[in-house]
file structure_16.txt (compact mmCIF, C-alpha atoms)
# COMPACT_ATOMS: atom_id res chain seq x y z
CA MET A 258 -0.95 1.22 82.57
CA PHE A 259 -2.69 4.43 83.42
CA ILE A 260 -2.21 8.11 82.71
CA ALA A 261 -1.31 10.45 85.57
CA LYS A 262 0.14 13.84 86.37
CA VAL A 263 3.11 14.30 88.66
CA ILE A 264 1.93 16.55 91.50
CA GLY A 265 4.57 16.20 94.19
CA LYS A 266 7.32 14.15 95.73
CA VAL A 267 7.81 12.13 98.86
CA VAL A 268 10.69 12.53 101.27
CA ALA A 269 11.28 9.42 103.37
CA THR A 270 14.52 9.01 105.28
CA GLN A 271 13.57 5.68 106.76
CA LYS A 272 12.71 3.27 103.96
CA ALA A 273 13.23 -0.23 102.64
CA GLU A 274 16.83 -0.69 101.49
CA LYS A 275 15.88 -1.33 97.88
CA LEU A 276 14.15 2.07 97.63
CA VAL A 277 17.26 4.02 98.62
CA GLY A 278 18.28 6.22 95.71
CA SER A 279 14.89 6.03 93.99
CA LYS A 280 12.97 9.22 93.21
CA LEU A 281 9.51 8.80 94.70
CA LEU A 282 6.94 10.94 92.89
CA VAL A 283 3.37 11.66 93.94
CA ILE A 284 1.05 11.09 90.99
CA LYS A 285 -2.66 11.52 90.49
CA SER A 286 -4.48 9.67 87.73
CA ILE A 287 -6.21 11.71 85.04
CA ASN A 288 -8.80 10.74 82.49
CA GLU A 289 -8.53 10.90 78.71
CA ASN A 290 -9.49 14.59 78.87
CA GLN A 291 -6.67 15.21 81.31
CA GLN A 292 -8.98 15.89 84.26
CA PHE A 293 -8.05 14.58 87.68
CA SER A 294 -10.00 11.60 88.93
CA GLU A 295 -11.56 11.43 92.39
CA GLU A 296 -9.08 8.79 93.48
CA ASN A 297 -6.31 9.32 95.96
CA ALA A 298 -2.87 10.29 94.80
CA LEU A 299 -0.38 7.44 94.61
CA VAL A 300 3.41 7.17 94.76
CA ALA A 301 5.53 5.77 91.94
CA VAL A 302 9.23 5.26 91.40
CA ASP A 303 10.53 7.35 88.52
CA ARG A 304 12.33 5.41 85.79
CA VAL A 305 12.41 8.01 83.02
CA GLY A 306 13.44 11.35 84.48
CA ALA A 307 9.92 12.72 85.05
CA GLY A 308 9.36 15.97 86.90
CA MET A 309 6.65 18.14 88.45
CA GLY A 310 3.67 18.69 86.17
CA ASP A 311 4.60 16.02 83.62
CA ILE A 312 1.85 13.84 82.16
CA VAL A 313 3.17 10.32 82.56
CA LEU A 314 2.48 6.67 81.86
CA VAL A 315 2.39 4.59 85.02
CA ASP A 316 2.84 0.83 85.20
CA TRP A 317 1.33 -0.97 88.16
CA GLY A 318 2.62 -4.46 88.27
CA ASP A 319 5.09 -6.91 89.58
CA SER A 320 6.64 -7.50 86.21
CA LEU A 321 8.58 -4.37 87.18
CA TYR A 322 10.55 -6.60 89.50
CA GLU A 323 11.29 -9.21 86.91
CA GLU A 324 12.07 -6.75 84.17
CA ALA A 325 14.00 -4.09 86.05
CA LYS A 326 14.57 -5.57 89.53
CA LEU A 327 12.50 -2.66 90.76
CA ALA A 328 11.44 -3.28 94.33
CA ALA A 329 8.15 -1.38 94.04
CA ASP A 330 4.70 -2.05 92.68
CA MET A 331 4.38 1.14 90.67
CA ALA A 332 6.69 3.03 88.33
CA ILE A 333 6.61 5.88 85.86
CA VAL A 334 7.62 4.22 82.58
CA GLY A 335 7.02 7.03 80.09
CA ILE A 336 6.59 10.78 79.70
CA ILE A 337 3.60 11.40 77.46
CA ASP A 338 4.09 13.90 74.63
CA GLU A 339 0.64 13.60 73.18
CA ILE A 340 -2.58 11.61 73.53
CA GLN A 341 -4.21 11.21 70.12
CA MET A 342 -7.94 10.57 70.51
CA GLU A 343 -10.47 9.53 67.95
CA GLY A 344 -13.95 11.13 68.14
CA LYS A 345 -16.02 9.06 70.58
CA MET B 114 2.50 2.56 96.34
CA PHE B 115 0.05 4.58 98.35
CA ILE B 116 0.15 6.89 101.33
CA ALA B 117 -1.48 5.81 104.57
CA LYS B 118 -1.59 6.49 108.28
CA VAL B 119 -0.96 3.80 110.87
CA ILE B 120 -4.12 3.64 113.02
CA GLY B 121 -3.83 0.38 114.90
CA LYS B 122 -2.42 -3.08 115.13
CA VAL B 123 -3.70 -6.60 114.75
CA VAL B 124 -3.21 -9.37 117.28
CA ALA B 125 -3.54 -12.84 115.75
CA THR B 126 -2.32 -15.87 117.64
CA GLN B 127 -3.33 -18.31 114.96
CA LYS B 128 -1.68 -17.32 111.68
CA ALA B 129 0.24 -18.61 108.70
CA GLU B 130 3.72 -19.74 109.73
CA LYS B 131 5.48 -17.16 107.58
CA LEU B 132 3.71 -14.31 109.38
CA VAL B 133 4.99 -15.32 112.82
CA GLY B 134 7.21 -12.54 114.14
CA SER B 135 5.87 -9.90 111.78
CA LYS B 136 4.35 -6.70 113.14
CA LEU B 137 0.90 -6.38 111.56
CA LEU B 138 -0.23 -2.76 111.44
CA VAL B 139 -3.68 -1.43 110.57
CA ILE B 140 -3.37 1.36 108.02
CA LYS B 141 -5.87 3.65 106.36
CA SER B 142 -5.08 5.33 103.09
CA ILE B 143 -4.99 9.13 103.00
CA ASN B 144 -5.06 11.53 100.10
CA GLU B 145 -2.46 14.11 99.14
CA ASN B 146 -3.97 16.52 101.68
CA GLN B 147 -3.60 13.88 104.38
CA GLN B 148 -7.34 13.29 104.73
CA PHE B 149 -8.61 9.76 105.25
CA SER B 150 -10.28 8.14 102.27
CA GLU B 151 -13.64 6.37 102.47
CA GLU B 152 -11.99 3.02 101.92
CA ASN B 153 -11.66 0.32 104.54
CA ALA B 154 -8.57 0.08 106.65
CA LEU B 155 -6.05 -2.53 105.53
CA VAL B 156 -3.32 -4.52 107.24
CA ALA B 157 0.35 -4.34 106.25
CA VAL B 158 3.52 -5.96 107.50
CA ASP B 159 5.94 -3.39 108.90
CA ARG B 160 9.41 -3.41 107.35
CA VAL B 161 10.76 -0.07 108.58
CA GLY B 162 9.91 0.29 112.26
CA ALA B 163 6.71 2.28 111.81
CA GLY B 164 4.45 3.09 114.75
CA MET B 165 1.02 4.46 115.65
CA GLY B 166 0.20 7.72 113.89
CA ASP B 167 3.05 7.56 111.36
CA ILE B 168 2.39 8.61 107.77
CA VAL B 169 3.79 5.77 105.71
CA LEU B 170 4.44 4.53 102.21
CA VAL B 171 2.72 1.21 101.50
CA ASP B 172 3.67 -1.21 98.77
CA TRP B 173 1.00 -3.57 97.51
CA GLY B 174 2.55 -6.17 95.38
CA ASP B 175 3.99 -9.59 95.05
CA SER B 176 7.43 -8.32 94.24
CA LEU B 177 7.64 -8.12 98.03
CA TYR B 178 8.01 -11.86 97.99
CA GLU B 179 10.75 -11.86 95.40
CA GLU B 180 12.63 -8.97 96.90
CA ALA B 181 12.30 -9.67 100.60
CA LYS B 182 10.76 -13.17 100.81
CA LEU B 183 7.87 -11.44 102.53
CA ALA B 184 4.89 -13.76 102.67
CA ALA B 185 2.31 -10.98 102.46
CA ASP B 186 0.77 -8.83 99.78
CA MET B 187 1.22 -5.52 101.54
CA ALA B 188 4.07 -3.91 103.45
CA ILE B 189 5.06 -0.58 104.90
CA VAL B 190 8.24 0.30 103.01
CA GLY B 191 8.87 3.87 104.16
CA ILE B 192 8.08 6.42 106.84
CA ILE B 193 7.20 9.69 105.15
CA ASP B 194 8.91 12.81 106.51
CA GLU B 195 7.35 15.23 104.07
CA ILE B 196 5.13 15.35 100.99
CA GLN B 197 6.21 18.23 98.76
CA MET B 198 3.34 19.33 96.53
CA GLU B 199 3.32 21.66 93.59
CA GLY B 200 0.36 24.06 93.20
CA LYS B 201 -2.36 22.26 91.26
CA MET C 64 -9.73 -9.95 81.32
CA PHE C 65 -12.06 -7.13 80.51
CA ILE C 66 -13.74 -5.73 77.42
CA ALA C 67 -12.73 -2.31 76.13
CA LYS C 68 -12.82 -0.05 73.11
CA VAL C 69 -9.70 1.47 71.60
CA ILE C 70 -10.20 5.25 71.72
CA GLY C 71 -6.76 6.71 71.12
CA LYS C 72 -3.04 6.25 71.25
CA VAL C 73 -0.19 7.56 73.34
CA VAL C 74 2.95 9.18 71.98
CA ALA C 75 5.86 9.02 74.42
CA THR C 76 9.37 9.70 73.23
CA GLN C 77 10.92 9.21 76.62
CA LYS C 78 10.01 5.78 77.94
CA ALA C 79 11.37 2.66 79.58
CA GLU C 80 13.64 0.78 77.21
CA LYS C 81 11.45 -2.30 77.11
CA LEU C 82 8.49 -0.27 75.79
CA VAL C 83 10.38 1.01 72.74
CA GLY C 84 8.68 -0.32 69.63
CA SER C 85 5.40 -1.16 71.40
CA LYS C 86 2.15 0.38 70.18
CA LEU C 87 0.52 2.01 73.19
CA LEU C 88 -3.25 2.26 72.79
CA VAL C 89 -5.69 4.21 74.96
CA ILE C 90 -8.59 1.96 75.90
CA LYS C 91 -11.77 2.52 77.85
CA SER C 92 -13.63 -0.36 79.41
CA ILE C 93 -17.17 -1.06 78.26
CA ASN C 94 -19.91 -3.15 79.79
CA GLU C 95 -21.66 -6.16 78.29
CA ASN C 96 -23.99 -3.78 76.42
CA GLN C 97 -20.97 -2.02 74.95
CA GLN C 98 -21.52 1.19 76.93
CA PHE C 99 -18.53 3.03 78.33
CA SER C 100 -17.99 2.76 82.05
CA GLU C 101 -17.34 5.74 84.30
CA GLU C 102 -13.77 4.65 84.87
CA ASN C 103 -10.73 6.41 83.49
CA ALA C 104 -9.22 5.35 80.23
CA LEU C 105 -6.17 3.11 80.50
CA VAL C 106 -3.17 2.35 78.29
CA ALA C 107 -2.38 -1.12 76.98
CA VAL C 108 0.31 -2.57 74.76
CA ASP C 109 -1.13 -3.97 71.54
CA ARG C 110 -0.28 -7.61 70.84
CA VAL C 111 -2.79 -8.40 68.10
CA GLY C 112 -2.82 -5.56 65.60
CA ALA C 113 -5.76 -3.66 67.12
CA GLY C 114 -6.75 -0.24 65.83
CA MET C 115 -8.96 2.76 66.60
CA GLY C 116 -12.55 1.83 67.38
CA ASP C 117 -11.91 -1.91 67.83
CA ILE C 118 -13.65 -3.77 70.66
CA VAL C 119 -10.87 -5.67 72.37
CA LEU C 120 -10.06 -8.14 75.09
CA VAL C 121 -7.58 -6.75 77.62
CA ASP C 122 -5.44 -8.78 79.98
CA TRP C 123 -4.26 -7.11 83.16
CA GLY C 124 -1.66 -9.24 84.75
CA ASP C 125 1.93 -10.03 85.28
CA SER C 126 1.69 -13.37 83.61
CA LEU C 127 2.15 -11.24 80.50
CA TYR C 128 5.78 -10.99 81.49
CA GLU C 129 6.24 -14.68 81.97
CA GLU C 130 4.32 -15.67 78.87
CA ALA C 131 5.45 -13.03 76.42
CA LYS C 132 8.28 -11.17 78.19
CA LEU C 133 6.04 -8.14 77.89
CA ALA C 134 7.32 -5.39 80.16
CA ALA C 135 3.88 -3.96 80.89
CA ASP C 136 0.96 -4.74 83.15
CA MET C 137 -1.74 -4.51 80.51
CA ALA C 138 -2.06 -5.79 76.96
CA ILE C 139 -4.66 -6.18 74.25
CA VAL C 140 -4.80 -9.94 73.69
CA GLY C 141 -7.76 -10.26 71.33
CA ILE C 142 -9.99 -8.40 68.91
CA ILE C 143 -13.59 -9.27 69.69
CA ASP C 144 -15.77 -10.23 66.73
CA GLU C 145 -18.91 -10.89 68.73
CA ILE C 146 -20.18 -11.09 72.29
CA GLN C 147 -22.89 -13.75 72.52
CA MET C 148 -25.14 -13.05 75.51
CA GLU C 149 -27.80 -15.19 77.08
CA GLY C 150 -30.99 -13.46 78.28
CA LYS C 151 -30.37 -12.20 81.83
CA MET D 292 -4.11 -7.79 103.58
CA PHE D 293 -7.62 -6.89 104.64
CA ILE D 294 -9.92 -7.69 107.52
CA ALA D 295 -13.02 -9.78 106.89
CA LYS D 296 -15.64 -11.91 108.57
CA VAL D 297 -16.34 -15.48 107.55
CA ILE D 298 -20.02 -15.60 106.54
CA GLY D 299 -20.41 -18.86 104.66
CA LYS D 300 -18.82 -21.59 102.66
CA VAL D 301 -18.84 -22.72 99.07
CA VAL D 302 -19.58 -26.23 97.88
CA ALA D 303 -18.17 -26.96 94.44
CA THR D 304 -17.91 -30.54 93.23
CA GLN D 305 -16.43 -29.59 89.88
CA LYS D 306 -13.29 -27.54 90.44
CA ALA D 307 -9.68 -27.09 89.39
CA GLU D 308 -7.58 -30.02 90.54
CA LYS D 309 -5.38 -27.91 92.81
CA LEU D 310 -8.42 -26.75 94.81
CA VAL D 311 -9.51 -30.27 95.73
CA GLY D 312 -9.29 -30.65 99.49
CA SER D 313 -9.23 -26.91 100.19
CA LYS D 314 -11.87 -25.37 102.45
CA LEU D 315 -13.44 -22.50 100.50
CA LEU D 316 -14.89 -19.87 102.81
CA VAL D 317 -17.13 -16.95 101.89
CA ILE D 318 -15.79 -13.78 103.47
CA LYS D 319 -16.99 -10.21 103.53
CA SER D 320 -14.61 -7.37 104.25
CA ILE D 321 -15.22 -5.23 107.31
CA ASN D 322 -13.86 -1.85 108.28
CA GLU D 323 -11.80 -0.96 111.34
CA ASN D 324 -15.04 -0.66 113.35
CA GLN D 325 -16.00 -4.16 112.27
CA GLN D 326 -18.87 -3.01 110.06
CA PHE D 327 -19.46 -4.76 106.74
CA SER D 328 -18.46 -2.84 103.63
CA GLU D 329 -20.71 -2.43 100.61
CA GLU D 330 -18.49 -4.67 98.55
CA ASN D 331 -19.43 -8.14 97.39
CA ALA D 332 -18.48 -11.15 99.41
CA LEU D 333 -15.38 -13.00 98.21
CA VAL D 334 -14.10 -16.55 98.50
CA ALA D 335 -10.79 -17.45 100.15
CA VAL D 336 -8.95 -20.68 100.83
CA ASP D 337 -8.59 -21.33 104.55
CA ARG D 338 -5.01 -21.87 105.74
CA VAL D 339 -5.48 -21.47 109.50
CA GLY D 340 -8.56 -23.41 110.57
CA ALA D 341 -11.01 -20.50 110.43
CA GLY D 342 -14.73 -21.06 110.90
CA MET D 343 -18.10 -19.32 110.61
CA GLY D 344 -18.20 -15.92 112.26
CA ASP D 345 -14.44 -15.58 112.72
CA ILE D 346 -12.79 -12.21 112.10
CA VAL D 347 -9.87 -13.03 109.83
CA LEU D 348 -6.88 -11.60 108.03
CA VAL D 349 -7.04 -12.18 104.28
CA ASP D 350 -4.09 -12.08 101.91
CA TRP D 351 -4.78 -11.31 98.27
CA GLY D 352 -1.76 -12.01 96.25
CA ASP D 353 0.18 -14.36 94.10
CA SER D 354 2.98 -14.68 96.59
CA LEU D 355 0.64 -17.27 98.07
CA TYR D 356 1.67 -19.51 95.23
CA GLU D 357 5.37 -18.99 95.74
CA GLU D 358 5.22 -19.25 99.50
CA ALA D 359 2.70 -22.04 99.96
CA LYS D 360 2.12 -23.43 96.46
CA LEU D 361 -1.46 -22.33 96.97
CA ALA D 362 -3.29 -22.34 93.65
CA ALA D 363 -5.60 -19.48 94.55
CA ASP D 364 -5.41 -15.71 94.65
CA MET D 365 -6.87 -15.28 98.11
CA ALA D 366 -6.32 -17.00 101.44
CA ILE D 367 -7.18 -16.59 105.09
CA VAL D 368 -3.79 -16.27 106.76
CA GLY D 369 -4.77 -15.37 110.33
CA ILE D 370 -7.59 -15.42 112.85
CA ILE D 371 -7.76 -12.02 114.51
CA ASP D 372 -7.98 -12.00 118.31
CA GLU D 373 -8.00 -8.24 118.69
CA ILE D 374 -7.67 -5.03 116.71
CA GLN D 375 -5.98 -2.39 118.86
CA MET D 376 -6.86 1.09 117.59
CA GLU D 377 -5.40 4.43 118.51
CA GLY D 378 -7.78 7.38 118.88
CA LYS D 379 -8.23 8.96 115.44
CA MET E 108 -11.68 -15.49 94.31
CA PHE E 109 -15.11 -14.11 93.61
CA ILE E 110 -18.52 -15.48 92.74
CA ALA E 111 -19.98 -14.80 89.32
CA LYS E 112 -22.58 -15.95 86.85
CA VAL E 113 -21.74 -16.93 83.28
CA ILE E 114 -23.78 -14.62 81.03
CA GLY E 115 -22.21 -14.96 77.62
CA LYS E 116 -19.21 -15.83 75.56
CA VAL E 117 -16.66 -13.99 73.48
CA VAL E 118 -15.77 -14.79 69.89
CA ALA E 119 -12.34 -13.48 68.89
CA THR E 120 -10.68 -14.77 65.75
CA GLN E 121 -7.61 -12.60 66.17
CA LYS E 122 -6.05 -13.27 69.57
CA ALA E 123 -2.80 -13.97 71.37
CA GLU E 124 -1.44 -17.39 70.43
CA LYS E 125 -1.70 -18.75 73.94
CA LEU E 126 -5.45 -18.10 74.04
CA VAL E 127 -6.17 -20.20 70.95
CA GLY E 128 -8.36 -23.12 71.96
CA SER E 129 -9.51 -21.52 75.24
CA LYS E 130 -13.22 -21.01 75.91
CA LEU E 131 -13.67 -17.34 76.80
CA LEU E 132 -16.75 -16.78 78.94
CA VAL E 133 -18.37 -13.48 79.88
CA ILE E 134 -19.01 -13.40 83.62
CA LYS E 135 -20.64 -10.89 85.92
CA SER E 136 -19.89 -10.90 89.62
CA ILE E 137 -22.75 -11.52 92.03
CA ASN E 138 -23.05 -10.94 95.74
CA GLU E 139 -23.70 -13.48 98.46
CA ASN E 140 -27.43 -13.21 97.73
CA GLN E 141 -26.76 -13.98 94.09
CA GLN E 142 -27.66 -10.50 92.88
CA PHE E 143 -25.60 -8.91 90.10
CA SER E 144 -23.23 -6.17 91.14
CA GLU E 145 -22.99 -2.82 89.38
CA GLU E 146 -19.59 -3.67 88.01
CA ASN E 147 -18.85 -4.38 84.38
CA ALA E 148 -18.88 -7.91 83.08
CA LEU E 149 -15.46 -9.54 82.74
CA VAL E 150 -14.01 -12.32 80.61
CA ALA E 151 -12.48 -15.48 82.06
CA VAL E 152 -10.93 -18.60 80.60
CA ASP E 153 -12.96 -21.68 81.47
CA ARG E 154 -10.99 -24.46 83.21
CA VAL E 155 -13.86 -26.62 84.50
CA GLY E 156 -16.43 -27.03 81.75
CA ALA E 157 -18.72 -24.19 82.84
CA GLY E 158 -21.64 -23.10 80.69
CA MET E 159 -24.27 -20.39 80.30
CA GLY E 160 -26.07 -19.56 83.53
CA ASP E 161 -23.68 -21.42 85.83
CA ILE E 162 -22.72 -19.85 89.16
CA VAL E 163 -18.94 -20.09 89.22
CA LEU E 164 -15.85 -19.42 91.28
CA VAL E 165 -13.42 -17.09 89.51
CA ASP E 166 -9.72 -16.76 90.29
CA TRP E 167 -8.04 -13.51 89.39
CA GLY E 168 -4.35 -13.90 89.68
CA ASP E 169 -1.07 -14.63 88.09
CA SER E 170 -0.57 -17.80 90.02
CA LEU E 171 -2.75 -19.19 87.24
CA TYR E 172 0.31 -18.96 85.05
CA GLU E 173 2.58 -20.72 87.47
CA GLU E 174 0.09 -23.39 88.39
CA ALA E 175 -1.51 -24.13 85.04
CA LYS E 176 0.59 -22.21 82.50
CA LEU E 177 -2.60 -20.31 81.76
CA ALA E 178 -1.80 -17.21 79.75
CA ALA E 179 -4.63 -15.15 81.20
CA ASP E 180 -5.29 -13.18 84.36
CA MET E 181 -8.70 -14.66 85.12
CA ALA E 182 -10.12 -18.17 85.07
CA ILE E 183 -13.20 -20.06 86.16
CA VAL E 184 -11.85 -22.58 88.65
CA GLY E 185 -15.05 -24.10 90.04
CA ILE E 186 -18.75 -24.56 89.41
CA ILE E 187 -20.63 -23.71 92.60
CA ASP E 188 -23.26 -26.22 93.73
CA GLU E 189 -24.26 -24.37 96.85
CA ILE E 190 -23.34 -21.36 98.97
CA GLN E 191 -24.01 -22.13 102.64
CA MET E 192 -24.49 -18.90 104.58
CA GLU E 193 -24.67 -18.33 108.30
CA GLY E 194 -27.22 -15.82 109.61
CA LYS E 195 -25.58 -12.37 109.58

call {"tool": "encode", "arguments": {"input": "structure_16.txt", "output": "structure tokens"}}
result
Amino acid sequence: MFIAKVIGKVVATQKAEKLVGSKLLVIKSINENQQFSEENALVAVDRVGAGMGDIVLVDWGDSLYEEAKLAADMAIVGIIDEIQMEGK
Amino acid sequence: MFIAKVIGKVVATQKAEKLVGSKLLVIKSINENQQFSEENALVAVDRVGAGMGDIVLVDWGDSLYEEAKLAADMAIVGIIDEIQMEGK
Amino acid sequence: MFIAKVIGKVVATQKAEKLVGSKLLVIKSINENQQFSEENALVAVDRVGAGMGDIVLVDWGDSLYEEAKLAADMAIVGIIDEIQMEGK
Amino acid sequence: MFIAKVIGKVVATQKAEKLVGSKLLVIKSINENQQFSEENALVAVDRVGAGMGDIVLVDWGDSLYEEAKLAADMAIVGIIDEIQMEGK
Amino acid sequence: MFIAKVIGKVVATQKAEKLVGSKLLVIKSINENQQFSEENALVAVDRVGAGMGDIVLVDWGDSLYEEAKLAADMAIVGIIDEIQMEGK
């Protein structure tokens, strides 16, 4: 899983049947200091009621299908309250 | 899932049996500002009637097999109408 | 599998049901000389009782679901006592 | 899927039982202008009769197992005749 | 699959039950000219009797679970005798 910030949402009228009704959020991964990475934004299905600006936990895997019958490779599986770091 | 633009198509006479009849589109990932990334173009099976120049949602996962019996690791699963961004 | 160091933990009240009760550790991959890589930290479910500062073995795969019914794409599957290297 | 060129082959006497009899080709990914990327070469099982110098379509996924009982994570699934590009 | 060299091994007393008895080798990917890449070393389960210094074929996929009930995402599936390259 990785840590990301919700920065937008995707509107797609024409989509695979299994995605109908899913909220598709644009996320951008952040590092442990909550800075954006250089990588492209990605799109994840929301499973926990996440919204704009939330720091979230994103799962990238096909177990999503087996566990939740989610027809997507990426889902927001948690809203992060706090990241507790030890001194490096 | 990631966001990409359809930039071409692949013609392959000799291919795995399960790919026969599939439209194979060349896609290039774009960032949240719709600029092309440095990464190589990829090839995805079209599931939603996408065409040249469309901004699309691409799923990269094996759940595609379980959900749609799609014998490929990558598919276009949505045509994006709009990406709504919050101010960073 | 890759080698990482546990550098923090994630607190998430709102999360997918299957993650409730899991310890979610922040890990950062290290190289064979135990130096941190440039990559972002990631989040893994702990399966072996790992704690802050431990050098751990991380599995990134969906076989975790089939083997352990773990509803996550990444898990700590070992605590590393020693890495024995040959001269390069 | 990605686009690659076949640049070699691997000889391995000692290998997992399920790989016995498979042709193991060394491939290197190319971009949409057919230039080699900086990335390392990879090894894929040939499913379509590909040979040295061919431009091929490579699938990287575990659906290969479910679809073709292929005990490998990467396979050549098409020989590309032509890549038709639109003007960028 | 990718090509790597075995450069060490991991000792982990505390590990997931399914890994008990597996030989855990540290590998570092190499390119087609057998030079080490910049990437971090990784850890793979040995399935073919590989040892220090061997050039090996590594499979990274969950089909390992389905094919061999291997509870890991990465395994050494061949010892490479020779890489036959065509002139680029």

call {"tool": "closest_residue", "arguments": {"input": "structure_16.txt", "among": "D:Phe327, D:Gly342, D:Glu373, D:Asp353", "to": "chain A", "atoms": "all atoms listed in the file"}}
result
D:Asp353

call {"tool": "calpha_fit_and_write", "arguments": {"input": "structure_16.txt", "fixed": "chain E", "moving": "chain D", "output": "CSV table (one decimal) with C-alpha atoms, in the frame of the given file"}}
result
chain,number,residue,atom,x,y,z
D,292,MET,CA,-11.7,-15.5,94.3
D,293,PHE,CA,-15.1,-14.1,93.6
D,294,ILE,CA,-18.5,-15.5,92.7
D,295,ALA,CA,-20.0,-14.8,89.3
D,296,LYS,CA,-22.6,-15.9,86.8
D,297,VAL,CA,-21.7,-16.9,83.3
D,298,ILE,CA,-23.8,-14.6,81.0
D,299,GLY,CA,-22.2,-15.0,77.6
D,300,LYS,CA,-19.2,-15.8,75.6
D,301,VAL,CA,-16.7,-14.0,73.5
D,302,VAL,CA,-15.8,-14.8,69.9
D,303,ALA,CA,-12.4,-13.5,68.9
D,304,THR,CA,-10.7,-14.8,65.8
D,305,GLN,CA,-7.6,-12.6,66.2
D,306,LYS,CA,-6.1,-13.3,69.6
D,307,ALA,CA,-2.8,-14.0,71.4
D,308,GLU,CA,-1.4,-17.4,70.4
D,309,LYS,CA,-1.7,-18.8,74.0
D,310,LEU,CA,-5.5,-18.1,74.0
D,311,VAL,CA,-6.2,-20.2,71.0
D,312,GLY,CA,-8.4,-23.1,72.0
D,313,SER,CA,-9.5,-21.5,75.2
D,314,LYS,CA,-13.2,-21.0,75.9
D,315,LEU,CA,-13.7,-17.3,76.8
D,316,LEU,CA,-16.7,-16.8,78.9
D,317,VAL,CA,-18.4,-13.5,79.9
D,318,ILE,CA,-19.0,-13.4,83.6
D,319,LYS,CA,-20.6,-10.9,85.9
D,320,SER,CA,-19.9,-10.9,89.6
D,321,ILE,CA,-22.8,-11.5,92.0
D,322,ASN,CA,-23.0,-10.9,95.7
D,323,GLU,CA,-23.7,-13.5,98.5
D,324,ASN,CA,-27.4,-13.2,97.7
D,325,GLN,CA,-26.8,-14.0,94.1
D,326,GLN,CA,-27.7,-10.5,92.9
D,327,PHE,CA,-25.6,-8.9,90.1
D,328,SER,CA,-23.2,-6.2,91.1
D,329,GLU,CA,-23.0,-2.8,89.4
D,330,GLU,CA,-19.6,-3.7,88.0
D,331,ASN,CA,-18.9,-4.4,84.4
D,332,ALA,CA,-18.9,-7.9,83.1
D,333,LEU,CA,-15.5,-9.5,82.7
D,334,VAL,CA,-14.0,-12.3,80.6
D,335,ALA,CA,-12.5,-15.5,82.1
D,336,VAL,CA,-10.9,-18.6,80.6
D,337,ASP,CA,-13.0,-21.7,81.5
D,338,ARG,CA,-11.0,-24.5,83.2
D,339,VAL,CA,-13.9,-26.6,84.5
D,340,GLY,CA,-16.4,-27.0,81.8
D,341,ALA,CA,-18.7,-24.2,82.8
D,342,GLY,CA,-21.6,-23.1,80.7
D,343,MET,CA,-24.3,-20.4,80.3
D,344,GLY,CA,-26.1,-19.6,83.5
D,345,ASP,CA,-23.7,-21.4,85.8
D,346,ILE,CA,-22.7,-19.9,89.2
D,347,VAL,CA,-18.9,-20.1,89.2
D,348,LEU,CA,-15.8,-19.4,91.3
D,349,VAL,CA,-13.4,-17.1,89.5
D,350,ASP,CA,-9.7,-16.8,90.3
D,351,TRP,CA,-8.0,-13.5,89.4
D,352,GLY,CA,-4.4,-13.9,89.7
D,353,ASP,CA,-1.1,-14.6,88.1
D,354,SER,CA,-0.6,-17.8,90.0
D,355,LEU,CA,-2.7,-19.2,87.2
D,356,TYR,CA,0.3,-19.0,85.0
D,357,GLU,CA,2.6,-20.7,87.4
D,358,GLU,CA,0.1,-23.4,88.4
D,359,ALA,CA,-1.5,-24.1,85.0
D,360,LYS,CA,0.6,-22.2,82.5
D,361,LEU,CA,-2.6,-20.3,81.8
D,362,ALA,CA,-1.8,-17.2,79.8
D,363,ALA,CA,-4.6,-15.1,81.2
D,364,ASP,CA,-5.3,-13.2,84.4
D,365,MET,CA,-8.7,-14.7,85.1
D,366,ALA,CA,-10.1,-18.2,85.1
D,367,ILE,CA,-13.2,-20.1,86.2
D,368,VAL,CA,-11.8,-22.6,88.6
D,369,GLY,CA,-15.1,-24.1,90.0
D,370,ILE,CA,-18.8,-24.6,89.4
D,371,ILE,CA,-20.6,-23.7,92.6
D,372,ASP,CA,-23.2,-26.2,93.7
D,373,GLU,CA,-24.2,-24.4,96.9
D,374,ILE,CA,-23.3,-21.4,99.0
D,375,GLN,CA,-24.0,-22.1,102.6
D,376,MET,CA,-24.5,-18.9,104.6
D,377,GLU,CA,-24.7,-18.3,108.3
D,378,GLY,CA,-27.2,-15.8,109.6
D,379,LYS,CA,-25.6,-12.4,109.5

call {"tool": "atom_distance", "arguments": {"input": "structure_16.txt", "atom1": "atom CA of Met108 of chain E", "atom2": "atom CA of Val111 of chain C"}}
result
28.6 Å

call {"tool": "interface_residues", "arguments": {"input": "structure_16.txt", "of": "chain C", "to": "chain A", "cutoff": "6 Å", "atoms": "all atoms listed in the file", "output": "ChimeraX atom specification"}}
result
/C:70-75,77-79,103-106,125,128,136

call {"tool": "axis_aligned_box", "arguments": {"input": "structure_16.txt", "around": "segment 300-319 of chain D", "padding_each_side": "5 Å", "output": "JSON"}}
result
{"center_x": -12.5, "center_y": -20.4, "center_z": 96.5, "size_x": 24.2, "size_y": 30.4, "size_z": 24.1}

call {"tool": "atom_distance", "arguments": {"input": "structure_16.txt", "atom1": "atom CA of Ala295 of chain D", "atom2": "atom CA of Met343 of chain D"}}
result
11.4 Å

call {"tool": "atom_distance", "arguments": {"input": "structure_16.txt", "atom1": "atom CA of Lys118 of chain B", "atom2": "atom CA of Gly166 of chain B"}}
result
6.0 Å
